[in-house]
Amino acid sequence: MSPSRQAFSTLEPAVPLAAGGSPDRPTLVIAATSARLLAEAARASGFEVIAIDVFGDVDTRAAARTWMPLGIPGRLAPEEGRLVAALRQCATPPRPVGWIAGSGFESAPGLLATGAGVLPLLGNLPGTVTQVRDPDDFFAALHRLGIPAPEISLALPADPVGWLFKDAHACGGWHIRPAGRAPAGRGPGAYFQREEAGTAMSALFLANGASALIIGFARQIVAPLGRRPYVYRGCVGPVTLPPPHAGQVANAVSALTRHYGLRGLNGIDFLFGADGIRVLELNPRPTASLALFNDVLAGGLLAAHVDACLHGHLPAADALSPSTRVRGSEVVFAPRRGRVTPALADWLAAQADCHDLPAAGTPVARHDPMCSITCEGSAPEEVRARLSARCEAILSQLNRAAPT
């Protein structure tokens, strides 16, 4: 799980925010470490939004009718008391359709069950998430289903060279390191995986418990950050796979959907190489690649997510209209410790391609996520180059901004 810049304030719960809300539109509650992407997608799908998250970023609040804090300032993990209190406040009439859990619950699947007892959870059942996040269960399921994956071990290999340490209860790649540097106190999600070559990719898919529809493939941007060698920084897509390999992914997605009864939007991470695919991870929730694909379906993917969860409906494959443009999204990490000045907050807000905007006064530690950027192009390589150039430009501005 990644470090986190602190929520910039402890604003009172249920702060009304977005203008132009309509009482005639159904309401969705979004709870996540950072709710901005899902909040914007829900709004684009015709929902009023209540956002519950850690950061309280400027554009998260702009997309939501109401914002509530999910965590304690300075901590990334959801705080049970705050989540339950917020959901109970949301559950008063007129009741929302339900709540969607985004990132941040990987280490607290029990919190999903607690929240589901307050307001309907629109997504995978808490027990399903627990199973998927158990490395012994998940990789045993891959083996039984004939889905290729790198070799794993729950114990430190006798020769750790060529092995990685991972934590299934974390996200974003912050936990991944060479096996020889595995932490002494390892939690229940800890495991070791043999390192293999290949291109890091993902597939976003929609499921109804029995069938699944792949929305699109993305190439992941994974790079070192400090001593962490495999930090997730963003994604580019849509990208295409050769038909045999795309078929491998589709078969894996279908088999996992049936095995776990997956519902709604999910993501699968895999390595792609000349000899095929190797599945790395299943994210049983809407993933960051939603930023690349949200408009491929009329009505938006969050509306389809809700429909799949509540009614078991999946759109027909020919209802998808993939963009002819390639999109990309990348996180910019703070180069040093400081506090967001009013001038820097205004500068970031003025950049049309910047998102997850911190407010003035937000404290930031070195390597905390500062913001994210998006761009478009005609090919993945072009988009990747544009993202790199914009990251450099923003980092240059951050380096010029004097910390306070």
# chains A, B, ... in the order shown; residues from 1 in each chain; ligands from 1
$ select_by_dssp --residues "segment 32-237 of chain A" --states "strand (DSSP E)" --output "short mmCIF file (atom, residue, chain, number, x, y, z; two decimals) with all heavy atoms, in the first residue's frame"
data_model
loop_
_atom_site.label_atom_id
_atom_site.label_comp_id
_atom_site.auth_asym_id
_atom_site.auth_seq_id
_atom_site.Cartn_x
_atom_site.Cartn_y
_atom_site.Cartn_z
N ALA A 32 -13.32 5.22 -1.19
CA ALA A 32 -12.02 4.77 -1.67
C ALA A 32 -10.94 5.66 -1.05
O ALA A 32 -11.24 6.73 -0.53
CB ALA A 32 -11.94 4.87 -3.20
N GLU A 48 -26.11 11.18 -8.88
CA GLU A 48 -25.59 12.09 -7.87
C GLU A 48 -24.57 11.31 -7.05
O GLU A 48 -24.70 10.09 -6.88
CB GLU A 48 -26.71 12.60 -6.97
CG GLU A 48 -27.66 13.57 -7.65
CD GLU A 48 -26.96 14.89 -7.98
OE1 GLU A 48 -26.38 15.49 -7.06
OE2 GLU A 48 -27.00 15.29 -9.15
N VAL A 49 -23.56 11.99 -6.53
CA VAL A 49 -22.45 11.29 -5.88
C VAL A 49 -22.22 11.81 -4.47
O VAL A 49 -22.20 13.03 -4.24
CB VAL A 49 -21.15 11.45 -6.70
CG1 VAL A 49 -19.98 10.76 -6.00
CG2 VAL A 49 -21.33 10.89 -8.11
N ILE A 50 -22.06 10.87 -3.56
CA ILE A 50 -21.51 11.17 -2.23
C ILE A 50 -20.15 10.50 -2.19
O ILE A 50 -20.05 9.28 -2.37
CB ILE A 50 -22.41 10.65 -1.10
CG1 ILE A 50 -23.77 11.33 -1.15
CG2 ILE A 50 -21.75 10.87 0.26
CD1 ILE A 50 -24.79 10.76 -0.16
N ALA A 51 -19.09 11.27 -1.99
CA ALA A 51 -17.73 10.74 -1.99
C ALA A 51 -17.22 10.64 -0.55
O ALA A 51 -17.34 11.59 0.22
CB ALA A 51 -16.81 11.64 -2.81
N ILE A 52 -16.65 9.48 -0.24
CA ILE A 52 -16.03 9.25 1.07
C ILE A 52 -14.59 8.84 0.77
O ILE A 52 -14.35 7.74 0.23
CB ILE A 52 -16.75 8.14 1.86
CG1 ILE A 52 -18.25 8.40 1.93
CG2 ILE A 52 -16.17 8.01 3.25
CD1 ILE A 52 -19.04 7.23 2.52
N ASP A 53 -13.62 9.69 1.08
CA ASP A 53 -12.24 9.32 0.80
C ASP A 53 -11.27 9.98 1.76
O ASP A 53 -11.66 10.74 2.65
CB ASP A 53 -11.89 9.54 -0.67
CG ASP A 53 -11.46 10.96 -1.03
OD1 ASP A 53 -11.64 11.89 -0.22
OD2 ASP A 53 -10.95 11.14 -2.16
N THR A 66 -21.69 15.68 -2.01
CA THR A 66 -21.26 15.72 -0.62
C THR A 66 -19.94 14.96 -0.49
O THR A 66 -19.74 13.95 -1.17
CB THR A 66 -22.30 15.05 0.30
OG1 THR A 66 -23.56 15.69 0.12
CG2 THR A 66 -21.90 15.12 1.76
N TRP A 67 -19.04 15.46 0.33
CA TRP A 67 -17.80 14.75 0.63
C TRP A 67 -17.73 14.47 2.13
O TRP A 67 -18.12 15.32 2.94
CB TRP A 67 -16.58 15.57 0.22
CG TRP A 67 -15.29 14.90 0.62
CD1 TRP A 67 -14.64 13.90 -0.03
CD2 TRP A 67 -14.50 15.19 1.79
NE1 TRP A 67 -13.51 13.53 0.65
CE2 TRP A 67 -13.40 14.31 1.78
CE3 TRP A 67 -14.64 16.09 2.85
CZ2 TRP A 67 -12.43 14.32 2.78
CZ3 TRP A 67 -13.68 16.10 3.85
CH2 TRP A 67 -12.58 15.22 3.81
N MET A 68 -17.24 13.27 2.48
CA MET A 68 -17.02 12.90 3.87
C MET A 68 -15.64 12.27 4.01
O MET A 68 -15.17 11.59 3.09
CB MET A 68 -18.08 11.91 4.35
CG MET A 68 -19.51 12.40 4.24
SD MET A 68 -20.65 11.15 4.90
CE MET A 68 -22.22 11.82 4.34
N PRO A 69 -14.98 12.44 5.14
CA PRO A 69 -13.64 11.86 5.33
C PRO A 69 -13.70 10.37 5.62
O PRO A 69 -14.56 9.91 6.37
CB PRO A 69 -13.08 12.64 6.52
CG PRO A 69 -14.31 13.06 7.30
CD PRO A 69 -15.39 13.29 6.29
N GLY A 98 -26.74 2.48 -3.39
CA GLY A 98 -25.79 1.65 -2.66
C GLY A 98 -24.43 2.31 -2.68
O GLY A 98 -24.29 3.47 -3.09
N TRP A 99 -23.41 1.57 -2.23
CA TRP A 99 -22.06 2.14 -2.24
C TRP A 99 -21.10 1.23 -2.98
O TRP A 99 -21.27 0.02 -3.03
CB TRP A 99 -21.57 2.43 -0.83
CG TRP A 99 -21.27 1.25 0.06
CD1 TRP A 99 -22.16 0.39 0.62
CD2 TRP A 99 -19.97 0.83 0.50
NE1 TRP A 99 -21.51 -0.54 1.39
CE2 TRP A 99 -20.16 -0.30 1.34
CE3 TRP A 99 -18.68 1.30 0.30
CZ2 TRP A 99 -19.10 -0.96 1.95
CZ3 TRP A 99 -17.62 0.64 0.91
CH2 TRP A 99 -17.83 -0.47 1.72
N ILE A 100 -20.11 1.86 -3.60
CA ILE A 100 -19.08 1.16 -4.36
C ILE A 100 -17.76 1.36 -3.64
O ILE A 100 -17.39 2.49 -3.29
CB ILE A 100 -18.99 1.69 -5.80
CG1 ILE A 100 -20.30 1.40 -6.54
CG2 ILE A 100 -17.81 1.07 -6.54
CD1 ILE A 100 -20.35 2.02 -7.94
N ALA A 101 -17.04 0.27 -3.41
CA ALA A 101 -15.73 0.33 -2.76
C ALA A 101 -14.64 0.35 -3.81
O ALA A 101 -14.55 -0.55 -4.65
CB ALA A 101 -15.55 -0.87 -1.83
N ILE A 152 4.73 -19.48 -7.16
CA ILE A 152 4.72 -18.76 -5.89
C ILE A 152 5.13 -19.69 -4.75
O ILE A 152 5.11 -20.91 -4.88
CB ILE A 152 3.35 -18.12 -5.57
CG1 ILE A 152 2.33 -19.19 -5.17
CG2 ILE A 152 2.84 -17.26 -6.70
CD1 ILE A 152 1.27 -18.68 -4.22
N SER A 153 5.49 -19.07 -3.64
CA SER A 153 5.78 -19.79 -2.41
C SER A 153 5.30 -18.94 -1.25
O SER A 153 5.45 -17.72 -1.26
CB SER A 153 7.29 -20.05 -2.29
OG SER A 153 7.61 -20.59 -1.00
N TRP A 163 13.44 -14.14 -7.01
CA TRP A 163 12.11 -14.15 -6.42
C TRP A 163 11.77 -12.76 -5.90
O TRP A 163 12.66 -11.98 -5.52
CB TRP A 163 12.04 -15.14 -5.26
CG TRP A 163 12.06 -16.58 -5.67
CD1 TRP A 163 13.14 -17.31 -6.05
CD2 TRP A 163 10.93 -17.45 -5.75
NE1 TRP A 163 12.77 -18.59 -6.36
CE2 TRP A 163 11.42 -18.72 -6.17
CE3 TRP A 163 9.57 -17.31 -5.48
CZ2 TRP A 163 10.58 -19.82 -6.35
CZ3 TRP A 163 8.73 -18.41 -5.65
CH2 TRP A 163 9.23 -19.64 -6.09
N LEU A 164 10.46 -12.45 -5.87
CA LEU A 164 9.97 -11.18 -5.36
C LEU A 164 9.08 -11.43 -4.14
O LEU A 164 8.39 -12.44 -4.07
CB LEU A 164 9.14 -10.44 -6.42
CG LEU A 164 9.86 -10.03 -7.70
CD1 LEU A 164 8.86 -9.50 -8.72
CD2 LEU A 164 10.94 -8.98 -7.40
N PHE A 165 9.11 -10.48 -3.22
CA PHE A 165 8.15 -10.48 -2.12
C PHE A 165 6.95 -9.63 -2.52
O PHE A 165 7.10 -8.54 -3.07
CB PHE A 165 8.78 -9.89 -0.85
CG PHE A 165 7.75 -9.57 0.22
CD1 PHE A 165 7.22 -10.57 1.00
CD2 PHE A 165 7.29 -8.27 0.39
CE1 PHE A 165 6.25 -10.28 1.96
CE2 PHE A 165 6.33 -7.98 1.35
CZ PHE A 165 5.81 -8.99 2.14
N LYS A 166 5.74 -10.14 -2.23
CA LYS A 166 4.52 -9.39 -2.51
C LYS A 166 3.55 -9.51 -1.34
O LYS A 166 3.69 -10.39 -0.49
CB LYS A 166 3.85 -9.89 -3.80
CG LYS A 166 4.65 -9.63 -5.07
CD LYS A 166 3.83 -9.97 -6.31
CE LYS A 166 4.55 -9.57 -7.57
NZ LYS A 166 3.72 -9.83 -8.79
N ASP A 167 2.57 -8.63 -1.33
CA ASP A 167 1.54 -8.64 -0.29
C ASP A 167 0.18 -8.49 -0.96
O ASP A 167 -0.12 -7.43 -1.52
CB ASP A 167 1.79 -7.51 0.71
CG ASP A 167 0.82 -7.54 1.89
OD1 ASP A 167 -0.14 -8.33 1.85
OD2 ASP A 167 1.01 -6.77 2.84
N ARG A 177 9.21 -6.07 -3.62
CA ARG A 177 10.65 -5.88 -3.46
C ARG A 177 11.34 -7.22 -3.68
O ARG A 177 10.69 -8.27 -3.64
CB ARG A 177 10.96 -5.32 -2.08
CG ARG A 177 10.60 -6.27 -0.94
CD ARG A 177 10.57 -5.56 0.40
NE ARG A 177 9.42 -4.66 0.48
CZ ARG A 177 9.16 -3.89 1.54
NH1 ARG A 177 9.98 -3.88 2.57
NH2 ARG A 177 8.10 -3.12 1.56
N PRO A 178 12.66 -7.21 -3.88
CA PRO A 178 13.35 -8.50 -3.98
C PRO A 178 13.12 -9.33 -2.74
O PRO A 178 13.04 -8.81 -1.62
CB PRO A 178 14.82 -8.08 -4.12
CG PRO A 178 14.77 -6.69 -4.70
CD PRO A 178 13.55 -6.06 -4.12
N ALA A 190 1.10 -12.08 2.70
CA ALA A 190 2.46 -12.15 2.19
C ALA A 190 2.71 -13.43 1.40
O ALA A 190 2.24 -14.50 1.76
CB ALA A 190 3.45 -12.05 3.35
N TYR A 191 3.45 -13.28 0.32
CA TYR A 191 3.89 -14.45 -0.45
C TYR A 191 5.09 -14.07 -1.31
O TYR A 191 5.45 -12.89 -1.41
CB TYR A 191 2.75 -14.99 -1.33
CG TYR A 191 2.27 -14.09 -2.44
CD1 TYR A 191 2.64 -14.32 -3.76
CD2 TYR A 191 1.42 -13.02 -2.17
CE1 TYR A 191 2.18 -13.49 -4.80
CE2 TYR A 191 0.96 -12.19 -3.18
CZ TYR A 191 1.34 -12.43 -4.50
OH TYR A 191 0.89 -11.61 -5.51
N PHE A 192 5.71 -15.06 -1.91
CA PHE A 192 6.87 -14.86 -2.78
C PHE A 192 6.54 -15.38 -4.16
O PHE A 192 5.88 -16.41 -4.30
CB PHE A 192 8.10 -15.57 -2.20
CG PHE A 192 8.49 -15.06 -0.84
CD1 PHE A 192 7.93 -15.62 0.30
CD2 PHE A 192 9.37 -14.01 -0.71
CE1 PHE A 192 8.27 -15.16 1.56
CE2 PHE A 192 9.72 -13.52 0.55
CZ PHE A 192 9.16 -14.09 1.69
N GLN A 193 6.97 -14.64 -5.18
CA GLN A 193 6.64 -15.00 -6.55
C GLN A 193 7.90 -14.95 -7.39
O GLN A 193 8.69 -14.01 -7.29
CB GLN A 193 5.59 -14.03 -7.12
CG GLN A 193 5.04 -14.41 -8.47
CD GLN A 193 3.90 -13.47 -8.88
OE1 GLN A 193 4.11 -12.30 -9.13
NE2 GLN A 193 2.68 -14.02 -8.90
N ARG A 194 8.07 -15.99 -8.21
CA ARG A 194 9.24 -16.01 -9.08
C ARG A 194 9.14 -14.89 -10.12
O ARG A 194 8.08 -14.72 -10.75
CB ARG A 194 9.38 -17.36 -9.77
CG ARG A 194 10.72 -17.52 -10.48
CD ARG A 194 10.85 -18.89 -11.13
NE ARG A 194 10.97 -19.97 -10.18
CZ ARG A 194 12.09 -20.32 -9.56
NH1 ARG A 194 13.21 -19.63 -9.77
NH2 ARG A 194 12.11 -21.35 -8.72
N THR A 199 5.73 -7.88 -20.54
CA THR A 199 5.14 -6.55 -20.46
C THR A 199 3.99 -6.56 -19.47
O THR A 199 3.09 -7.41 -19.57
CB THR A 199 4.61 -6.10 -21.84
OG1 THR A 199 5.69 -6.10 -22.77
CG2 THR A 199 4.01 -4.71 -21.77
N ALA A 200 4.02 -5.64 -18.51
CA ALA A 200 2.96 -5.56 -17.51
C ALA A 200 1.70 -4.98 -18.15
O ALA A 200 1.72 -3.86 -18.67
CB ALA A 200 3.40 -4.70 -16.33
N MET A 201 0.61 -5.73 -18.09
CA MET A 201 -0.64 -5.31 -18.72
C MET A 201 -1.81 -5.61 -17.80
O MET A 201 -1.67 -6.28 -16.77
CB MET A 201 -0.82 -6.02 -20.07
CG MET A 201 0.27 -5.73 -21.08
SD MET A 201 -0.10 -6.38 -22.73
CE MET A 201 -1.47 -5.31 -23.20
N SER A 202 -2.96 -5.08 -18.17
CA SER A 202 -4.18 -5.34 -17.41
C SER A 202 -5.37 -5.39 -18.35
O SER A 202 -5.31 -4.89 -19.48
CB SER A 202 -4.41 -4.25 -16.34
OG SER A 202 -4.71 -3.01 -16.96
N ALA A 203 -6.43 -6.02 -17.87
CA ALA A 203 -7.70 -6.02 -18.59
C ALA A 203 -8.79 -5.59 -17.62
O ALA A 203 -8.87 -6.11 -16.50
CB ALA A 203 -8.01 -7.40 -19.15
N LEU A 204 -9.60 -4.64 -18.02
CA LEU A 204 -10.79 -4.24 -17.27
C LEU A 204 -11.96 -5.05 -17.81
O LEU A 204 -12.15 -5.13 -19.03
CB LEU A 204 -11.05 -2.75 -17.43
CG LEU A 204 -12.25 -2.17 -16.67
CD1 LEU A 204 -11.99 -2.19 -15.17
CD2 LEU A 204 -12.55 -0.74 -17.14
N PHE A 205 -12.75 -5.66 -16.90
CA PHE A 205 -13.89 -6.45 -17.38
C PHE A 205 -15.09 -6.26 -16.47
O PHE A 205 -14.98 -5.86 -15.31
CB PHE A 205 -13.52 -7.93 -17.51
CG PHE A 205 -13.18 -8.65 -16.22
CD1 PHE A 205 -14.14 -9.36 -15.52
CD2 PHE A 205 -11.88 -8.63 -15.72
CE1 PHE A 205 -13.82 -10.04 -14.35
CE2 PHE A 205 -11.56 -9.31 -14.56
CZ PHE A 205 -12.53 -10.01 -13.86
N LEU A 206 -16.25 -6.55 -17.05
CA LEU A 206 -17.53 -6.43 -16.36
C LEU A 206 -18.10 -7.84 -16.22
O LEU A 206 -18.12 -8.60 -17.19
CB LEU A 206 -18.47 -5.55 -17.17
CG LEU A 206 -19.82 -5.17 -16.57
CD1 LEU A 206 -19.62 -4.29 -15.34
CD2 LEU A 206 -20.66 -4.43 -17.61
N ALA A 207 -18.56 -8.18 -15.01
CA ALA A 207 -19.03 -9.54 -14.75
C ALA A 207 -20.39 -9.53 -14.05
O ALA A 207 -20.75 -8.55 -13.39
CB ALA A 207 -18.01 -10.29 -13.88
N ASN A 208 -21.12 -10.64 -14.19
CA ASN A 208 -22.42 -10.76 -13.52
C ASN A 208 -22.52 -12.01 -12.65
O ASN A 208 -23.61 -12.46 -12.32
CB ASN A 208 -23.56 -10.75 -14.55
CG ASN A 208 -23.56 -11.97 -15.45
OD1 ASN A 208 -22.67 -12.83 -15.36
ND2 ASN A 208 -24.56 -12.06 -16.32
N ALA A 212 -18.68 -12.82 -18.28
CA ALA A 212 -17.89 -11.59 -18.21
C ALA A 212 -17.67 -11.03 -19.59
O ALA A 212 -17.69 -11.75 -20.60
CB ALA A 212 -16.54 -11.86 -17.53
N LEU A 213 -17.48 -9.73 -19.65
CA LEU A 213 -17.21 -9.01 -20.89
C LEU A 213 -15.97 -8.15 -20.69
O LEU A 213 -15.94 -7.30 -19.78
CB LEU A 213 -18.40 -8.12 -21.26
CG LEU A 213 -18.23 -7.19 -22.46
CD1 LEU A 213 -18.09 -8.00 -23.75
CD2 LEU A 213 -19.42 -6.22 -22.56
N ILE A 214 -14.93 -8.38 -21.48
CA ILE A 214 -13.72 -7.56 -21.39
C ILE A 214 -13.99 -6.19 -22.01
O ILE A 214 -14.44 -6.09 -23.16
CB ILE A 214 -12.53 -8.25 -22.06
CG1 ILE A 214 -12.12 -9.47 -21.24
CG2 ILE A 214 -11.35 -7.28 -22.19
CD1 ILE A 214 -10.93 -10.23 -21.79
N ILE A 215 -13.72 -5.14 -21.24
CA ILE A 215 -13.93 -3.77 -21.70
C ILE A 215 -12.75 -3.28 -22.51
O ILE A 215 -12.90 -2.60 -23.52
CB ILE A 215 -14.16 -2.82 -20.50
CG1 ILE A 215 -15.35 -3.31 -19.65
CG2 ILE A 215 -14.39 -1.39 -20.96
CD1 ILE A 215 -16.66 -3.38 -20.38
N GLY A 216 -11.53 -3.63 -22.10
CA GLY A 216 -10.35 -3.21 -22.84
C GLY A 216 -9.07 -3.64 -22.15
O GLY A 216 -9.05 -3.96 -20.96
N PHE A 217 -7.98 -3.62 -22.93
CA PHE A 217 -6.65 -3.94 -22.43
C PHE A 217 -5.84 -2.66 -22.28
O PHE A 217 -5.98 -1.72 -23.07
CB PHE A 217 -5.92 -4.87 -23.39
CG PHE A 217 -6.58 -6.21 -23.57
CD1 PHE A 217 -7.20 -6.54 -24.77
CD2 PHE A 217 -6.57 -7.15 -22.55
CE1 PHE A 217 -7.80 -7.78 -24.95
CE2 PHE A 217 -7.17 -8.39 -22.71
CZ PHE A 217 -7.79 -8.71 -23.91
N ALA A 218 -4.98 -2.64 -21.28
CA ALA A 218 -4.11 -1.48 -21.05
C ALA A 218 -2.70 -1.95 -20.76
O ALA A 218 -2.48 -3.04 -20.22
CB ALA A 218 -4.63 -0.65 -19.88
N ARG A 219 -1.75 -1.12 -21.14
CA ARG A 219 -0.35 -1.35 -20.77
C ARG A 219 -0.06 -0.57 -19.51
O ARG A 219 -0.35 0.64 -19.43
CB ARG A 219 0.58 -0.90 -21.90
CG ARG A 219 2.05 -1.23 -21.67
CD ARG A 219 2.89 -0.74 -22.84
NE ARG A 219 2.44 -1.33 -24.10
CZ ARG A 219 2.82 -0.90 -25.30
NH1 ARG A 219 3.62 0.16 -25.41
NH2 ARG A 219 2.38 -1.49 -26.39
N GLN A 220 0.48 -1.22 -18.51
CA GLN A 220 0.74 -0.55 -17.24
C GLN A 220 2.08 0.17 -17.27
O GLN A 220 3.02 -0.25 -17.95
CB GLN A 220 0.73 -1.56 -16.10
CG GLN A 220 -0.62 -2.21 -15.89
CD GLN A 220 -0.67 -3.09 -14.65
OE1 GLN A 220 0.35 -3.56 -14.18
NE2 GLN A 220 -1.86 -3.30 -14.13
N ILE A 221 2.13 1.28 -16.54
CA ILE A 221 3.38 2.01 -16.35
C ILE A 221 3.89 1.65 -14.96
O ILE A 221 3.30 2.04 -13.95
CB ILE A 221 3.16 3.53 -16.48
CG1 ILE A 221 2.55 3.87 -17.85
CG2 ILE A 221 4.48 4.28 -16.29
CD1 ILE A 221 2.11 5.32 -17.97
N VAL A 222 4.95 0.87 -14.93
CA VAL A 222 5.54 0.40 -13.68
C VAL A 222 7.01 0.77 -13.70
O VAL A 222 7.72 0.46 -14.66
CB VAL A 222 5.36 -1.12 -13.52
CG1 VAL A 222 6.02 -1.61 -12.24
CG2 VAL A 222 3.88 -1.50 -13.52
N ALA A 223 7.48 1.43 -12.64
CA ALA A 223 8.86 1.91 -12.62
C ALA A 223 9.32 2.05 -11.18
O ALA A 223 8.51 2.15 -10.26
CB ALA A 223 8.98 3.25 -13.35
N PRO A 224 10.65 2.09 -10.97
CA PRO A 224 11.16 2.27 -9.61
C PRO A 224 10.81 3.65 -9.05
O PRO A 224 10.68 4.63 -9.80
CB PRO A 224 12.68 2.13 -9.77
CG PRO A 224 12.88 1.42 -11.08
CD PRO A 224 11.73 1.86 -11.94
N LEU A 225 10.67 3.70 -7.74
CA LEU A 225 10.51 4.95 -7.02
C LEU A 225 11.27 4.79 -5.70
O LEU A 225 10.83 4.03 -4.83
CB LEU A 225 9.04 5.27 -6.77
CG LEU A 225 8.75 6.65 -6.15
CD1 LEU A 225 9.12 7.76 -7.12
CD2 LEU A 225 7.29 6.78 -5.75
N ARG A 228 11.84 1.26 -4.06
CA ARG A 228 10.75 0.37 -4.48
C ARG A 228 10.83 0.17 -5.99
O ARG A 228 10.63 1.12 -6.75
CB ARG A 228 9.41 0.97 -4.07
CG ARG A 228 9.25 1.14 -2.56
CD ARG A 228 7.95 1.86 -2.23
NE ARG A 228 7.73 1.91 -0.79
CZ ARG A 228 8.18 2.89 -0.01
NH1 ARG A 228 8.87 3.89 -0.52
NH2 ARG A 228 7.92 2.87 1.28
N PRO A 229 11.10 -1.07 -6.44
CA PRO A 229 11.40 -1.27 -7.86
C PRO A 229 10.20 -1.38 -8.79
O PRO A 229 10.34 -1.24 -10.00
CB PRO A 229 12.18 -2.59 -7.86
CG PRO A 229 11.68 -3.33 -6.66
CD PRO A 229 11.34 -2.27 -5.64
N TYR A 230 8.99 -1.62 -8.24
CA TYR A 230 7.85 -1.91 -9.11
C TYR A 230 6.62 -1.10 -8.69
O TYR A 230 5.55 -1.65 -8.44
CB TYR A 230 7.51 -3.39 -9.08
CG TYR A 230 8.57 -4.28 -9.70
CD1 TYR A 230 9.43 -5.02 -8.89
CD2 TYR A 230 8.70 -4.37 -11.08
CE1 TYR A 230 10.40 -5.84 -9.45
CE2 TYR A 230 9.67 -5.20 -11.64
CZ TYR A 230 10.53 -5.91 -10.82
OH TYR A 230 11.48 -6.72 -11.38
N VAL A 231 6.75 0.20 -8.66
CA VAL A 231 5.62 1.06 -8.28
C VAL A 231 4.73 1.30 -9.49
O VAL A 231 5.20 1.67 -10.58
CB VAL A 231 6.11 2.39 -7.69
CG1 VAL A 231 4.94 3.36 -7.47
CG2 VAL A 231 6.86 2.15 -6.39
N TYR A 232 3.43 1.08 -9.30
CA TYR A 232 2.45 1.38 -10.35
C TYR A 232 2.31 2.88 -10.49
O TYR A 232 2.02 3.59 -9.52
CB TYR A 232 1.10 0.75 -10.01
CG TYR A 232 0.00 1.12 -10.98
CD1 TYR A 232 -0.17 0.43 -12.17
CD2 TYR A 232 -0.87 2.18 -10.70
CE1 TYR A 232 -1.17 0.76 -13.06
CE2 TYR A 232 -1.87 2.53 -11.59
CZ TYR A 232 -2.01 1.81 -12.77
OH TYR A 232 -3.01 2.18 -13.65
N ARG A 233 2.51 3.38 -11.71
CA ARG A 233 2.44 4.83 -11.95
C ARG A 233 1.27 5.22 -12.84
O ARG A 233 0.88 6.39 -12.86
CB ARG A 233 3.74 5.31 -12.59
CG ARG A 233 4.95 5.21 -11.65
CD ARG A 233 6.23 5.51 -12.40
NE ARG A 233 7.38 5.52 -11.51
CZ ARG A 233 7.97 6.62 -11.05
NH1 ARG A 233 7.51 7.80 -11.38
NH2 ARG A 233 9.04 6.53 -10.27
N GLY A 234 0.73 4.29 -13.61
CA GLY A 234 -0.38 4.66 -14.49
C GLY A 234 -0.60 3.59 -15.55
O GLY A 234 -0.13 2.46 -15.45
N CYS A 235 -1.32 3.98 -16.61
CA CYS A 235 -1.66 3.01 -17.66
C CYS A 235 -1.93 3.75 -18.96
O CYS A 235 -2.23 4.95 -18.98
CB CYS A 235 -2.85 2.16 -17.26
SG CYS A 235 -4.31 3.10 -16.72
N VAL A 236 -1.83 2.99 -20.06
CA VAL A 236 -2.06 3.51 -21.40
C VAL A 236 -2.96 2.52 -22.13
O VAL A 236 -2.73 1.30 -22.07
CB VAL A 236 -0.73 3.69 -22.17
CG1 VAL A 236 -1.00 4.09 -23.62
CG2 VAL A 236 0.16 4.72 -21.49
N GLY A 237 -3.98 3.03 -22.83
CA GLY A 237 -4.84 2.12 -23.57
C GLY A 237 -5.95 2.87 -24.31
O GLY A 237 -6.09 4.09 -24.14
#
$ residues_around --residues "segment 138-147 of chain A" --least-positions-apart "6" --cutoff "12 Å" --atoms "only C-alpha atoms" --output "JSON, numbers by chain"
{"A": [128, 129, 130, 131, 132, 153, 154, 168, 189, 191, 192, 193, 247, 248, 249, 250, 251, 252, 253, 254, 255, 256, 257, 258, 259, 260, 270, 276, 277, 278, 279, 280, 281, 282, 283, 284]}
$ residues_around --residues "segment 390-393 of chain A" --least-positions-apart "2" --cutoff "12 Å" --atoms "only C-alpha atoms" --output "number ranges by chain"
A: 233-234, 328-335, 348, 351-354, 370-375, 383-388, 395-400
$ select_by_dssp --residues "segment 50-128 of chain A" --states "alpha helix (DSSP H)" --output "PyMOL selection string"
chain A and resi 58-63+80-90+109-116+126-128
$ residues_around --residues "Gly312 of chain A" --least-positions-apart "3" --cutoff "12 Å" --atoms "only C-alpha atoms" --output "PyMOL selection string"
chain A and resi 122-123+206-212+261-264+304-309+315
$ residues_around --residues "segment 338-345 of chain A" --least-positions-apart "3" --cutoff "10 Å" --atoms "only C-alpha atoms" --output "ChimeraX atom specification"
/A:5,8,58,334-335,348-350,357-366,370,397-398,400-404
$ residues_around --residues "Ser103 of chain A" --least-positions-apart "6" --cutoff "12 Å" --atoms "only C-alpha atoms" --output "PyMOL selection string"
chain A and resi 1-2+30-38+52-54+70+76-78+109+112+169-172+266-267+283-288
